[in-house]
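**Q** First the structure, then my questions, so here it is.
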Amino acid sequence: MSTARADIAARQSAIRCWVCEGSQTYLVKKSNRASELSWRDFLITDMRYGVTGELVRCKGCGFLFCPELADVDRFYEGLEDPGYEETRGERLKQMRRVLDRAQKYLAGSRVLDVGAGAGIMVEAANERGLDAVGIEPSAWLAAVARERGLPVIHGFFPNRSVSGSYDLVTLVDVLEHVSHPVQMLRDIRAQLGPSGIVVVNTPDVSSVAARLLGSKWWHFRTAHIGYFDRRTLEMACLRAGLRIVRLFRPSWYLDADYLWRRVVSYLPARLALTPPSILKRITIPLNLRDSWMAILEKGVAEPEASVISGPQSSAR
């Protein structure tokens, strides 16, 4: 074995899987990210699909993850994304749809949104008379929410500012951003009331869209460092003492201009036509069946003690 291959094998044998804690991994995708990262590489509206750090897969459970980007908190704290706020209306429709599903299982009114972004889920919950609060690591996004009168706290979860028990904790497009997903779910479980539920939305790396697009799948981006399929999502939840009650394929609501620009990003530059302005006024419901929405409740297993979960910025 060459020295380079030996070094790679030694490094991979030292990596612990973020889901099952197994120590056997293999390389799936080499890194093609920028050598020097900035908060711009973690934009919610990033269109550089296929740009990631080095991705490895656990031989035990199959979880795909990026161990070289396990510590990126500072990038989320400095993140600013005006383009995200421009699509607030469409994203609000998405959050209302998430709540439509969740409220069928909800037995109380206290709601915590982890990775709250600019407070869109908090806004949707408060529209329904729920008592909602959010926690968001980006100072800029949290400030945008507060300017709208929405109670979104700047910080990382778990956090003393959102102590107490909640009837619903939402984690929409967040779990793929954290390097300790099981511990994050344990920390959430610890704050659930007796009949509390959790909603988790995350991309499905085993979906047809992911398989067809390969390394160019739109969820392969620098900010996404953990990729779940149904099996690894169920395993992470079980290890955290949570049980999946229902699984759905969530829908998204995008303005046609936003969708146009993302489709065109797959085409050669010479074919990148400027979209007509009318597209900004058209909303398109879209379900590509490449994400999971899971409704969770407390399971039998007792989770382990809390540790820091890692960054939780929204990618909504």
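Residues are referred to by chain and number: the chain letter is A, B, ... according to the order shown in the structure tokens, the number counts from 1 in that chain, and ligands are numbered separately from 1 in the order shown.
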May I have the residues within 9 Å of A:Trp18 as a list of chain:residue names, using only C-alpha atoms and disregarding those fewer than 6 positions away in the same chain?
**A**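 Close residues of A:Trp18: A:Cys58, A:Phe63, A:Phe65, A:Pro67, A:Ser179, A:His180, A:Pro181, A:Val182, A:Gly226, A:Ala236.
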**Q** Quick one: residues within 7 Å of A:Tyr166, only C-alpha atoms, excluding same-chain residues fewer than 4 positions away - as a ChimeraX atom specification?
**A** /A:110-112,191-193,196
**Q** What are the DSSP alpha helix (DSSP H) residues of stretch 22-233 of chain A, as a PyMOL selection string?
**A** chain A and resi 73-77+82-86+88-102+120-127+139-147+181-189+208-213+230-233
**Q** Just the strand (DSSP E or B) stuff from stretch 64-145 of chain A, please, per backbone DSSP, written as an mmCIF file with C-alpha atoms, in the first residue's frame.
**A**
```cif
data_model
loop_
_atom_site.group_PDB
_atom_site.id
_atom_site.type_symbol
_atom_site.label_atom_id
_atom_site.label_comp_id
_atom_site.auth_asym_id
_atom_site.auth_seq_id
_atom_site.Cartn_x
_atom_site.Cartn_y
_atom_site.Cartn_z
ATOM 1 C CA LEU A 64 -22.932 9.509 4.651
ATOM 2 C CA PHE A 65 -21.168 12.442 6.303
ATOM 3 C CA ARG A 110 -45.791 25.578 23.301
ATOM 4 C CA VAL A 111 -43.589 25.437 20.195
ATOM 5 C CA LEU A 112 -39.807 25.640 19.807
ATOM 6 C CA ASP A 113 -38.231 26.012 16.368
ATOM 7 C CA VAL A 114 -34.548 25.015 16.320
ATOM 8 C CA ASP A 131 -46.974 30.081 21.736
ATOM 9 C CA ALA A 132 -43.842 29.818 19.596
ATOM 10 C CA VAL A 133 -40.191 30.788 20.037
ATOM 11 C CA GLY A 134 -37.129 30.150 17.885
ATOM 12 C CA ILE A 135 -33.386 29.755 18.381
ATOM 13 C CA GLU A 136 -31.018 30.715 15.529
#
```
**Q** In Å, with one decimal, what is the gap from atom CA of A:Gly149 to atom CA of A:Arg97?
**A**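 We find that atom CA of A:Gly149 and atom CA of A:Arg97 lie 22.1 Å from each other.
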**Q** Go through A:Met121, A:Ala107, A:Ile225, A:Ile282 one by one, measure the shortest atom-to-atom distance of each to A:Ser195 using only C-alpha atoms, and give the residue with the smallest value.
**A**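 Result for the nearest residue to A:Ser195: A:Ala107.
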**Q** Do a neighbour search on A:Met95 at 10 Å with only C-alpha atoms, toss out local chain neighbours closer than 5 positions, and write the hits as a PyMOL selection string.
**A** chain A and resi 90+100+120-125+172+251-253+316
**Q** What lies within 6 Å of A:His177 using only C-alpha atoms, ignoring chain neighbours under 2 positions off, as a CSV table (one decimal) with N, CA and C atoms, in the first residue's frame?
**A**
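Contents of the output file out_16.csv:
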```
chain,number,residue,atom,x,y,z
A,174,VAL,N,-32.4,21.2,9.2
A,174,VAL,CA,-31.4,21.5,10.1
A,174,VAL,C,-30.5,20.3,10.4
A,175,LEU,N,-31.0,19.1,10.5
A,175,LEU,CA,-30.3,18.0,11.0
A,175,LEU,C,-29.1,17.7,10.1
A,224,HIS,N,-24.2,21.2,4.0
A,224,HIS,CA,-24.8,20.0,4.3
A,224,HIS,C,-23.7,19.0,4.6
A,225,ILE,N,-23.6,18.5,5.9
A,225,ILE,CA,-22.5,17.7,6.3
A,225,ILE,C,-22.9,16.3,6.7
```
**Q** Name the closest residue to A:Phe75 among the candidates A:Ala223, A:Val245, A:Ala240, A:Met47; distances are taken between atoms, counting only C-alpha atoms.
**A**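 For A:Phe75, the nearest of the candidates is A:Ala223.
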**Q** Neighbouring residues of A:Pro82 were defined as those with any atom within 12 Å, considering only C-alpha atoms; residues of the same chain fewer than 2 positions away were excluded. Please report them as a list in words.
**A** Arg40, Leu43, Ile44, Thr45, Asp46, Leu79, Glu80, Tyr84, Glu85, Glu86, Thr87, Arg88, Gly117, Ala118, Trp140, Leu141 and Val144 of chain A
**Q** Go ahead and dump the residues you just picked, C-alpha atoms, as a PDB file, in the first residue's frame.
**A**
```pdb
ATOM      1  CA  ARG A  40     -20.880  32.766   2.138  1.00  0.00           C
ATOM      2  CA  LEU A  43     -25.760  30.527   2.484  1.00  0.00           C
ATOM      3  CA  ILE A  44     -29.258  29.072   2.648  1.00  0.00           C
ATOM      4  CA  THR A  45     -29.749  30.119  -0.988  1.00  0.00           C
ATOM      5  CA  ASP A  46     -26.400  28.685  -2.183  1.00  0.00           C
ATOM      6  CA  LEU A  79     -24.150  34.322   7.943  1.00  0.00           C
ATOM      7  CA  GLU A  80     -26.229  36.951   6.092  1.00  0.00           C
ATOM      8  CA  TYR A  84     -33.563  34.042   1.705  1.00  0.00           C
ATOM      9  CA  GLU A  85     -35.730  36.829   3.067  1.00  0.00           C
ATOM     10  CA  GLU A  86     -36.876  37.724  -0.474  1.00  0.00           C
ATOM     11  CA  THR A  87     -38.589  34.315  -0.671  1.00  0.00           C
ATOM     12  CA  ARG A  88     -40.294  34.654   2.712  1.00  0.00           C
ATOM     13  CA  GLY A 117     -33.752  31.341  10.425  1.00  0.00           C
ATOM     14  CA  ALA A 118     -35.681  34.608  10.127  1.00  0.00           C
ATOM     15  CA  TRP A 140     -28.324  38.560  11.075  1.00  0.00           C
ATOM     16  CA  LEU A 141     -31.251  36.170  10.634  1.00  0.00           C
ATOM     17  CA  VAL A 144     -34.446  40.076  10.857  1.00  0.00           C
TER      18      VAL A 144
END
```
**Q** Rounded to one decimal place, report the atom CA of A:Leu296-atom CA of A:Arg243 distance in Å.
**A**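 Calculated distance between atom CA of A:Leu296 and atom CA of A:Arg243 is 5.3 Å.
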**Q** Just checking: using only C-alpha atoms, which residue out of A:Glu77, A:Asp71, A:Glu234, A:Glu127 ends up closest to A:Val178?
**A**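 Closest to A:Val178, using only C-alpha atoms: A:Asp71.
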